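J.: Dropping a structure here in structure tokens format, bear with me for questions.
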Amino acid sequence: MENHVNYHHEKYSRRQGELASRLGVSRQTINAFETNKYDPSLPLALRSRVPLK
């Protein structure tokens with residue numbers, strides 16, 4: 001499954017730490033999520049699909 005976290009990360013000029021804070025996870029989790037090395041839990045997947053403007 002492909003994710004678009006990196007796209008939104010760049011589109012809204014958010015740092016990994018800021019995205020992590022908004023989603024309630026660590027910066028390392030965002031990095032693993034962006035590089036497809038981590039399959040998020042369902043609640044995290046749902047939180048991450050909401051626009052992070």
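Order determines the names: the first chain of the structure tokens is A, the second B, and so forth; residues in each chain are numbered 1 upward, and ligands are numbered 1 upward as they are shown.
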Give me the residues near Ser41 in chain A as JSON, numbers by chain, where near means some atom within 12 Å (using only C-alpha atoms) and where sequence neighbours in that chain fewer than 5 positions away do not count.

T.: {"A": [25, 29, 33, 46, 47, 48]}

J.: Counting only C-alpha atoms, what is within 8 Å of Ile30 in chain A, bar same-chain residues fewer than 3 positions away, as a PDB file with N, CA, C and O atoms, in the first residue's frame?

T.:
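That gives us around.pdb:
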```pdb
ATOM      1  N   GLN A  16       9.184  16.853   9.989  1.00  0.00           N
ATOM      2  CA  GLN A  16       8.767  15.558  10.522  1.00  0.00           C
ATOM      3  C   GLN A  16       8.362  15.683  11.986  1.00  0.00           C
ATOM      4  O   GLN A  16       7.378  15.078  12.408  1.00  0.00           O
ATOM      5  N   LEU A  19       4.842  17.184  12.198  1.00  0.00           N
ATOM      6  CA  LEU A  19       3.831  16.188  11.829  1.00  0.00           C
ATOM      7  C   LEU A  19       3.669  15.160  12.932  1.00  0.00           C
ATOM      8  O   LEU A  19       2.549  14.783  13.286  1.00  0.00           O
ATOM      9  N   ALA A  20       4.790  14.734  13.488  1.00  0.00           N
ATOM     10  CA  ALA A  20       4.755  13.742  14.562  1.00  0.00           C
ATOM     11  C   ALA A  20       3.971  14.270  15.761  1.00  0.00           C
ATOM     12  O   ALA A  20       3.137  13.562  16.324  1.00  0.00           O
ATOM     13  N   VAL A  25       2.871  10.896  17.566  1.00  0.00           N
ATOM     14  CA  VAL A  25       3.869   9.835  17.418  1.00  0.00           C
ATOM     15  C   VAL A  25       5.258  10.460  17.415  1.00  0.00           C
ATOM     16  O   VAL A  25       5.403  11.682  17.453  1.00  0.00           O
ATOM     17  N   SER A  26       6.301   9.631  17.319  1.00  0.00           N
ATOM     18  CA  SER A  26       7.668  10.149  17.277  1.00  0.00           C
ATOM     19  C   SER A  26       8.051  10.550  15.855  1.00  0.00           C
ATOM     20  O   SER A  26       7.424  10.117  14.880  1.00  0.00           O
ATOM     21  N   ARG A  27       9.077  11.369  15.740  1.00  0.00           N
ATOM     22  CA  ARG A  27       9.597  11.771  14.432  1.00  0.00           C
ATOM     23  C   ARG A  27      10.082  10.550  13.661  1.00  0.00           C
ATOM     24  O   ARG A  27       9.925  10.445  12.445  1.00  0.00           O
ATOM     25  N   PHE A  33       7.192   5.795   8.303  1.00  0.00           N
ATOM     26  CA  PHE A  33       5.936   5.849   7.572  1.00  0.00           C
ATOM     27  C   PHE A  33       6.174   6.373   6.153  1.00  0.00           C
ATOM     28  O   PHE A  33       5.680   5.817   5.171  1.00  0.00           O
ATOM     29  N   GLU A  34       6.964   7.440   6.017  1.00  0.00           N
ATOM     30  CA  GLU A  34       7.260   8.043   4.714  1.00  0.00           C
ATOM     31  C   GLU A  34       8.036   7.104   3.806  1.00  0.00           C
ATOM     32  O   GLU A  34       7.870   7.143   2.587  1.00  0.00           O
TER      33      GLU A  34
END
```

J.: CA of Lys37 in chain A to CA of Arg14 in chain A: how many Å, to one decimal?

T.: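 These two atoms are separated by 20.2 Å.
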